[in-house]
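Engineer: Structure file final27.csv (CSV, C-alpha atoms and all ligand atoms) right here:
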```csv
chain,number,residue,atom,x,y,z
P,38,MET,CA,-44.2,16.6,22.9
P,39,PRO,CA,-42.5,15.0,19.8
P,40,LEU,CA,-44.5,13.0,17.3
P,41,LEU,CA,-42.4,9.9,17.8
P,42,GLN,CA,-40.6,9.3,21.0
P,43,VAL,CA,-38.4,6.2,21.3
P,44,GLU,CA,-37.2,6.1,24.9
P,45,LYS,CA,-34.4,3.7,26.0
P,46,VAL,CA,-35.5,0.8,23.8
P,47,SER,CA,-33.6,-2.4,24.0
P,48,ALA,CA,-34.4,-5.2,21.5
P,49,GLY,CA,-32.9,-8.1,19.6
P,50,TYR,CA,-33.5,-11.4,17.8
P,51,GLY,CA,-34.1,-14.5,19.8
P,52,ASP,CA,-31.8,-14.0,22.8
P,53,MET,CA,-29.3,-11.9,20.9
P,54,GLN,CA,-29.4,-8.3,22.0
P,55,VAL,CA,-28.9,-5.8,19.2
P,56,LEU,CA,-30.3,-2.5,20.6
P,57,THR,CA,-29.3,-1.1,24.1
P,58,GLU,CA,-31.4,1.7,25.4
P,59,VAL,CA,-31.7,3.6,22.1
P,60,SER,CA,-33.5,6.9,22.3
P,61,ILE,CA,-34.8,8.9,19.3
P,62,GLN,CA,-37.2,11.7,18.9
P,63,VAL,CA,-38.9,12.9,15.8
P,64,SER,CA,-41.1,16.1,15.8
P,65,ALA,CA,-43.9,16.7,13.4
P,66,HIS,CA,-42.5,18.1,10.2
P,67,GLU,CA,-38.9,17.0,10.9
P,68,ILE,CA,-36.6,15.0,8.6
P,69,ILE,CA,-34.4,12.8,10.9
P,70,SER,CA,-31.5,10.8,9.5
P,71,LEU,CA,-30.3,7.7,11.3
P,72,ILE,CA,-26.7,6.8,10.3
P,73,GLY,CA,-24.0,4.5,11.4
P,74,PRO,CA,-21.9,1.5,10.3
P,75,ASN,CA,-23.3,-1.6,8.8
P,76,GLY,CA,-24.8,-3.8,11.5
P,77,ALA,CA,-25.2,-0.9,13.9
P,78,GLY,CA,-28.9,-1.7,14.4
P,79,LYS,CA,-30.5,1.0,12.2
P,80,SER,CA,-32.9,-1.3,10.5
P,81,THR,CA,-33.6,-3.0,13.8
P,82,VAL,CA,-34.7,0.4,15.2
P,83,MET,CA,-37.1,0.8,12.3
P,84,LYS,CA,-38.5,-2.7,12.8
P,85,ALA,CA,-39.0,-2.1,16.5
P,86,VAL,CA,-40.8,1.3,15.9
P,87,PHE,CA,-43.0,-0.3,13.3
P,88,GLY,CA,-44.0,-3.3,15.4
P,89,LEU,CA,-42.1,-5.9,13.5
P,90,LEU,CA,-40.0,-6.6,16.5
P,91,LYS,CA,-41.2,-6.4,20.1
P,92,PRO,CA,-39.0,-4.2,22.3
P,93,TRP,CA,-37.6,-6.0,25.3
P,94,SER,CA,-37.8,-2.8,27.4
P,95,GLY,CA,-38.2,1.0,26.9
P,96,SER,CA,-41.1,2.8,25.5
P,97,ILE,CA,-42.3,4.0,22.1
P,98,THR,CA,-45.0,6.6,21.8
P,99,PHE,CA,-46.4,8.0,18.6
P,100,ASP,CA,-48.8,10.9,18.3
P,101,GLY,CA,-49.4,10.8,22.0
P,102,GLY,CA,-50.2,7.0,22.3
P,103,ASN,CA,-48.1,4.0,23.3
P,104,ILE,CA,-47.4,1.9,20.3
P,105,ALA,CA,-44.8,-0.5,21.8
P,106,GLY,CA,-46.1,-4.1,21.3
P,107,LEU,CA,-48.7,-3.1,18.7
P,108,ALA,CA,-48.8,-5.1,15.4
P,109,PRO,CA,-47.8,-3.3,12.2
P,110,TYR,CA,-51.4,-3.1,10.9
P,111,GLU,CA,-52.4,-1.4,14.1
P,112,ILE,CA,-49.5,1.0,13.9
P,113,VAL,CA,-50.4,1.9,10.3
P,114,LYS,CA,-53.8,3.0,11.5
P,115,THR,CA,-52.2,5.5,13.9
P,116,GLY,CA,-50.6,7.3,10.9
P,117,MET,CA,-47.2,5.8,10.5
P,118,CYS,CA,-46.0,4.0,7.4
P,119,TYR,CA,-42.8,2.1,6.6
P,120,VAL,CA,-40.8,1.4,3.4
P,121,PRO,CA,-38.4,-1.5,4.1
P,122,GLN,CA,-35.0,-1.8,2.5
P,123,VAL,CA,-35.8,-4.7,0.2
P,124,ALA,CA,-38.9,-6.4,-1.3
P,125,ASN,CA,-40.9,-3.2,-0.9
P,126,VAL,CA,-43.2,-3.6,-4.0
P,127,PHE,CA,-45.4,-6.2,-5.5
P,128,THR,CA,-43.4,-7.0,-8.7
P,129,GLU,CA,-46.3,-8.7,-10.5
P,130,LEU,CA,-48.7,-5.8,-10.0
P,131,THR,CA,-48.8,-2.6,-12.0
P,132,VAL,CA,-47.8,0.7,-10.5
P,133,GLU,CA,-51.5,1.6,-10.0
P,134,GLU,CA,-52.3,-1.7,-8.4
P,135,ASN,CA,-49.4,-1.3,-6.0
P,136,LEU,CA,-50.8,2.1,-5.0
P,137,GLU,CA,-54.2,0.6,-4.4
P,138,MET,CA,-52.7,-2.2,-2.3
P,139,GLY,CA,-51.1,0.6,-0.2
P,140,ALA,CA,-54.6,1.9,0.8
P,141,PHE,CA,-56.0,-1.6,1.3
P,142,VAL,CA,-55.9,-1.6,5.1
P,143,LEU,CA,-58.0,1.6,5.4
P,144,ASP,CA,-61.7,1.2,4.8
P,145,ASP,CA,-62.6,4.8,4.3
P,146,ALA,CA,-59.7,5.9,2.1
P,147,ASP,CA,-60.2,8.3,-0.8
P,148,VAL,CA,-58.2,6.0,-3.1
P,149,ASP,CA,-58.6,8.1,-6.3
P,150,GLY,CA,-57.8,11.3,-4.6
P,151,ARG,CA,-54.7,9.9,-3.0
P,152,LYS,CA,-53.5,8.3,-6.3
P,153,GLN,CA,-53.7,11.7,-7.9
P,154,GLU,CA,-51.6,13.3,-5.2
P,155,ILE,CA,-49.0,10.5,-5.6
P,156,PHE,CA,-48.9,11.0,-9.3
P,157,GLU,CA,-48.3,14.7,-8.8
P,158,LEU,CA,-45.5,13.9,-6.5
P,159,PHE,CA,-44.0,11.3,-8.9
P,160,PRO,CA,-45.0,12.2,-12.4
P,161,ARG,CA,-42.9,9.3,-13.7
P,162,LEU,CA,-45.4,6.9,-12.0
P,163,ALA,CA,-48.3,8.6,-13.7
P,164,GLU,CA,-46.7,8.0,-17.1
P,165,ARG,CA,-46.1,4.3,-16.2
P,166,ARG,CA,-49.2,3.5,-14.2
P,167,ARG,CA,-49.9,0.4,-16.2
P,168,GLN,CA,-46.4,-1.0,-16.1
P,169,LYS,CA,-45.6,-4.0,-13.8
P,170,ALA,CA,-43.5,-2.8,-10.9
P,171,GLY,CA,-41.0,-5.6,-11.5
P,172,LYS,CA,-40.2,-4.3,-14.9
P,173,MET,CA,-39.2,-0.9,-13.7
P,174,SER,CA,-35.8,0.6,-12.7
P,175,GLY,CA,-34.6,0.6,-9.1
P,176,GLY,CA,-35.4,4.3,-8.7
P,177,GLU,CA,-38.9,3.9,-10.1
P,178,ARG,CA,-39.5,0.9,-7.9
P,179,GLN,CA,-38.4,3.0,-4.9
P,180,MET,CA,-41.0,5.6,-6.0
P,181,VAL,CA,-43.7,3.0,-6.2
P,182,ALA,CA,-42.8,1.8,-2.7
P,183,MET,CA,-42.9,5.3,-1.3
P,184,GLY,CA,-46.1,6.1,-3.2
P,185,SER,CA,-47.8,3.0,-1.8
P,186,ALA,CA,-46.8,3.9,1.7
P,187,LEU,CA,-48.1,7.5,1.2
P,188,MET,CA,-51.5,6.1,0.0
P,189,LEU,CA,-52.3,5.8,3.8
P,190,ASN,CA,-52.1,9.6,4.2
P,191,PRO,CA,-49.7,9.1,7.1
P,192,LYS,CA,-48.3,11.7,9.6
P,193,MET,CA,-44.9,10.0,9.4
P,194,ILE,CA,-42.9,7.8,7.0
P,195,LEU,CA,-40.1,5.5,7.9
P,196,LEU,CA,-37.6,4.9,5.0
P,197,ASP,CA,-34.9,2.3,5.3
P,198,GLU,CA,-32.1,3.1,2.8
P,199,PRO,CA,-34.3,4.6,0.1
P,200,SER,CA,-31.2,5.3,-2.1
P,201,ALA,CA,-29.5,1.9,-1.8
P,202,GLY,CA,-28.1,0.7,-5.1
P,203,LEU,CA,-29.3,3.7,-7.1
P,204,ALA,CA,-27.2,5.8,-9.5
P,205,PRO,CA,-26.2,9.3,-8.2
P,206,ARG,CA,-28.6,11.1,-10.4
P,207,VAL,CA,-31.5,8.9,-9.2
P,208,VAL,CA,-30.4,9.3,-5.6
P,209,ASP,CA,-30.8,13.0,-6.1
P,210,GLN,CA,-34.3,12.5,-7.4
P,211,ILE,CA,-35.3,10.3,-4.5
P,212,PHE,CA,-33.8,12.8,-2.0
P,213,GLU,CA,-35.7,15.6,-3.7
P,214,SER,CA,-39.0,13.7,-3.4
P,215,ILE,CA,-38.3,13.1,0.3
P,216,VAL,CA,-37.9,16.9,0.9
P,217,GLU,CA,-41.1,17.4,-1.1
P,218,ILE,CA,-43.0,14.8,1.0
P,219,ASN,CA,-41.7,16.6,4.1
P,220,LYS,CA,-42.9,19.9,2.8
P,221,ARG,CA,-46.3,18.4,2.4
P,222,GLY,CA,-46.4,18.0,6.2
P,223,LEU,CA,-45.0,14.5,6.9
P,224,ALA,CA,-42.3,13.7,9.5
P,225,VAL,CA,-39.5,11.5,8.0
P,226,LEU,CA,-37.3,9.1,9.8
P,227,MET,CA,-34.8,7.7,7.3
P,228,VAL,CA,-31.8,5.3,7.5
P,229,GLU,CA,-29.1,6.1,5.0
P,230,GLN,CA,-25.7,4.7,4.0
P,231,ASN,CA,-25.4,7.8,1.9
P,232,ALA,CA,-24.8,9.6,5.2
P,233,ARG,CA,-23.3,12.9,4.1
P,234,GLN,CA,-26.0,13.6,1.6
P,235,SER,CA,-28.8,12.6,4.0
P,236,LEU,CA,-27.5,14.8,6.7
P,237,GLU,CA,-27.5,17.7,4.3
P,238,MET,CA,-31.2,17.5,3.9
P,239,ALA,CA,-32.1,16.3,7.5
P,240,HIS,CA,-33.1,18.7,10.2
P,241,ARG,CA,-31.4,16.5,12.8
P,242,GLY,CA,-29.5,13.2,12.8
P,243,TYR,CA,-28.5,10.4,15.1
P,244,VAL,CA,-25.4,8.3,14.9
P,245,LEU,CA,-26.0,4.7,16.0
P,246,ALA,CA,-23.0,2.3,16.6
P,247,ASN,CA,-23.1,-1.1,18.1
P,248,GLY,CA,-26.8,-0.8,18.9
P,249,GLU,CA,-26.3,2.4,21.0
P,250,ASN,CA,-26.8,6.1,20.6
P,251,ARG,CA,-23.4,7.7,19.8
P,252,VAL,CA,-23.8,11.3,18.7
P,253,GLU,CA,-26.8,13.4,17.9
P,254,GLY,CA,-27.3,17.0,16.6
P,255,SER,CA,-28.5,19.1,13.7
P,256,GLY,CA,-27.5,17.8,10.2
P,257,GLN,CA,-24.9,20.6,10.0
P,258,GLU,CA,-23.5,19.9,13.5
P,259,LEU,CA,-22.9,16.3,12.6
P,260,LEU,CA,-21.4,17.2,9.2
P,261,ASN,CA,-19.0,19.6,10.9
P,262,ASP,CA,-18.0,17.3,13.7
P,263,PRO,CA,-14.5,16.0,12.8
P,264,GLN,CA,-14.9,12.8,14.7
P,265,VAL,CA,-18.3,12.0,13.1
P,266,ALA,CA,-16.7,12.8,9.7
P,267,ARG,CA,-13.7,10.5,10.4
P,268,LEU,CA,-15.6,7.6,11.9
P,269,TYR,CA,-18.9,7.7,10.1
P,270,LEU,CA,-18.8,9.8,7.0
P,271,GLY,CA,-15.7,8.4,5.3
P,272,GLY,CA,-13.3,11.2,6.2
P,301,LIG,N1,-33.7,-11.2,11.4
P,301,LIG,C1,-32.5,-11.2,12.1
P,301,LIG,N2,-32.2,-12.3,12.8
P,301,LIG,C2,-31.1,-12.3,13.5
P,301,LIG,N3,-30.2,-11.3,13.6
P,301,LIG,C3,-30.4,-10.2,12.8
P,301,LIG,C4,-31.6,-10.1,12.0
P,301,LIG,N4,-31.6,-8.9,11.4
P,301,LIG,C5,-30.5,-8.3,11.8
P,301,LIG,N5,-29.8,-9.1,12.6
P,301,LIG,C6,-28.5,-8.7,13.3
P,301,LIG,O1,-28.7,-7.5,14.0
P,301,LIG,C7,-27.6,-6.6,13.9
P,301,LIG,C8,-28.1,-5.3,13.4
P,301,LIG,O2,-28.6,-5.4,12.1
P,301,LIG,P1,-29.4,-4.2,11.4
P,301,LIG,O3,-30.3,-3.6,12.3
P,301,LIG,O4,-29.9,-4.8,10.1
P,301,LIG,O5,-28.2,-3.2,11.1
P,301,LIG,P2,-28.0,-2.0,10.1
P,301,LIG,O6,-29.4,-1.7,9.5
P,301,LIG,O7,-27.5,-0.9,11.0
P,301,LIG,O8,-27.0,-2.4,9.1
P,301,LIG,C9,-26.6,-7.3,13.0
P,301,LIG,O9,-25.7,-8.0,13.8
P,301,LIG,C10,-27.4,-8.3,12.3
P,301,LIG,O10,-26.7,-9.4,11.9
P,302,MG,MG,-30.1,-1.8,7.6
```
Any chance you could put this one into C-alpha cells?
Ligand SMILES: Nc1ncnc2c1ncn2[C@@H]1O[C@H](COP(=O)(O)OP(=O)(O)O)[C@@H](O)[C@H]1O
Ligand SMILES: [Mg+2]

Structural biologist:
Amino acid sequence: MPLLQVEKVSAGYGDMQVLTEVSIQVSAHEIISLIGPNGAGKSTVMKAVFGLLKPWSGSITFDGGNIAGLAPYEIVKTGMCYVPQVANVFTELTVEENLEMGAFVLDDADVDGRKQEIFELFPRLAERRRQKAGKMSGGERQMVAMGSALMLNPKMILLDEPSAGLAPRVVDQIFESIVEINKRGLAVLMVEQNARQSLEMAHRGYVLANGENRVEGSGQELLNDPQVARLYLGG
C-alpha cells in the first residue's frame, strides 16, 4: 500500500476541467518528480492532494485514510505538508518566527527540538535566524519555506517548483537538501520545471500533459526515453 495514492482524480476551477483521471502513487521514502509543460496541471494536482481544491471524482488516500475533501488544516494533521510555488514565507517575520509559525497548527509540537533539526539541515538559516525572511535571497527563502513545512514533522512533503527562479548553484543546494530530507525518512512529491535534474534525483517520475497521465517510470527510464527527452526535457 503506497503512502499516497491518487486514483483517477478529475478536478478543475469553476466549471473548467483541468485534470482528467490523474493517478499517482508515492511510497514511503520515495522521491517522485512530476513534470510536464506549463499549464499541464501539475500545480493543480498538488492543490487537489493538499485539499485546496476539491476533486470532482476519483479518490485520494494518504497513510491509509481517505483525504479527498478534507481541508488543508486537517490534511496537515495526517502528516502531509505543502510548499506552494509562490508566497511561501511570511516576509515580515524572522526566519525563526517563520519556523515557529510552521508548527502553529500542532498543539503538542516540540518546537525547540524541531527548530534544532531544521537548523542542522539548513545551517544558513541558523546563522540568519533573526533576519526577516523578506530580506533574504530566493534560495534562502525557499529554505525557510521548506523548513517551516518540516516543523510539522511530516511523513511527506509536497514541493511545487522549489528551484524556480534560482541560480544554478543555488538549485544544486536546494536539490541536495531535498535528497537529505528524503534520507531522513520523508516521502517527497515535487513538481519541477528543471525536469532533467529533478529526474536524476527522483526514484520515479510522472509526465503530465493536458491534465492527463502521459508517461511514468523510474527517473532513469524517463531520462533515457527518447520521446520524453524530445517532448518534455528539451531534446
Ligand atoms: N486558480 C485558477 N483559476 C482558474 N484556472 C486556473 C487556476 N489555476 C490554474 N488554472 C488553469 O489550470 C490549468 C493548469 O494550471 P496549473 O496546474 O497551474 O499548471 P502547471 O502547474 O502544470 O503549470 C491552466 O490552464 C491554468 O490556466
Ligand atoms: Mg505550476

Engineer: Could you check which of P:Ile61, P:Val55, P:Leu89, P:Ile104 is closest to ligand LIG 301 (chain P), using all atoms listed in the file?

Structural biologist: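 Smallest distance to ligand LIG 301 (chain P) is found for P:Val55.
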
Engineer: Which residues are near ligand MG 302 (chain P) - at most 12 Å, using only C-alpha atoms and all ligand atoms? Format: as a compact mmCIF listing (two decimals) with C-alpha atoms, keeping the file's coordinate frame.

Structural biologist:
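Just written: part_37.txt:
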```
# COMPACT_ATOMS: atom_id res chain seq x y z
CA LEU P 71 -30.30 7.70 11.30
CA ILE P 72 -26.70 6.80 10.30
CA GLY P 73 -24.00 4.50 11.40
CA PRO P 74 -21.90 1.50 10.30
CA ASN P 75 -23.30 -1.60 8.80
CA GLY P 76 -24.80 -3.80 11.50
CA ALA P 77 -25.20 -0.90 13.90
CA GLY P 78 -28.90 -1.70 14.40
CA LYS P 79 -30.50 1.00 12.20
CA SER P 80 -32.90 -1.30 10.50
CA THR P 81 -33.60 -3.00 13.80
CA VAL P 82 -34.70 0.40 15.20
CA MET P 83 -37.10 0.80 12.30
CA LYS P 84 -38.50 -2.70 12.80
CA VAL P 120 -40.80 1.40 3.40
CA PRO P 121 -38.40 -1.50 4.10
CA GLN P 122 -35.00 -1.80 2.50
CA VAL P 123 -35.80 -4.70 0.20
CA LEU P 196 -37.60 4.90 5.00
CA ASP P 197 -34.90 2.30 5.30
CA GLU P 198 -32.10 3.10 2.80
CA PRO P 199 -34.30 4.60 0.10
CA ALA P 201 -29.50 1.90 -1.80
CA MET P 227 -34.80 7.70 7.30
CA VAL P 228 -31.80 5.30 7.50
CA GLU P 229 -29.10 6.10 5.00
CA GLN P 230 -25.70 4.70 4.00
CA LEU P 245 -26.00 4.70 16.00
CA GLY P 248 -26.80 -0.80 18.90
```

Engineer: Please provide the set of residues having any atom within 9 Å of Arg151 in chain P, restricted to all atoms listed in the file, with same-chain residues fewer than 3 positions apart removed, written as a list in words.

Structural biologist: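 Skipping anything fewer than 3 positions along the chain leaves Leu136, Ala140, Ala146, Asp147, Val148, Glu154, Ile155, Phe156, Leu187, Met188, Leu189 and Asn190 of chain P.
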
Engineer: Quick one, how far is CA of Ser47 in chain P from CA of Val265 in chain P?

Structural biologist: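 Distance between the two atoms: 23.7 Å.
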
Engineer: When you draw a straight line from CA of Gln168 in chain P to CA of Met193 in chain P, how long is it in Å?

Structural biologist: 27.8 Å

Engineer: Suppose you want the space between CA of Gln153 in chain P and CA of Ala186 in chain P; what is it in Å?

Structural biologist: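 Taking CA of Gln153 in chain P and CA of Ala186 in chain P, their separation equals 14.2 Å.
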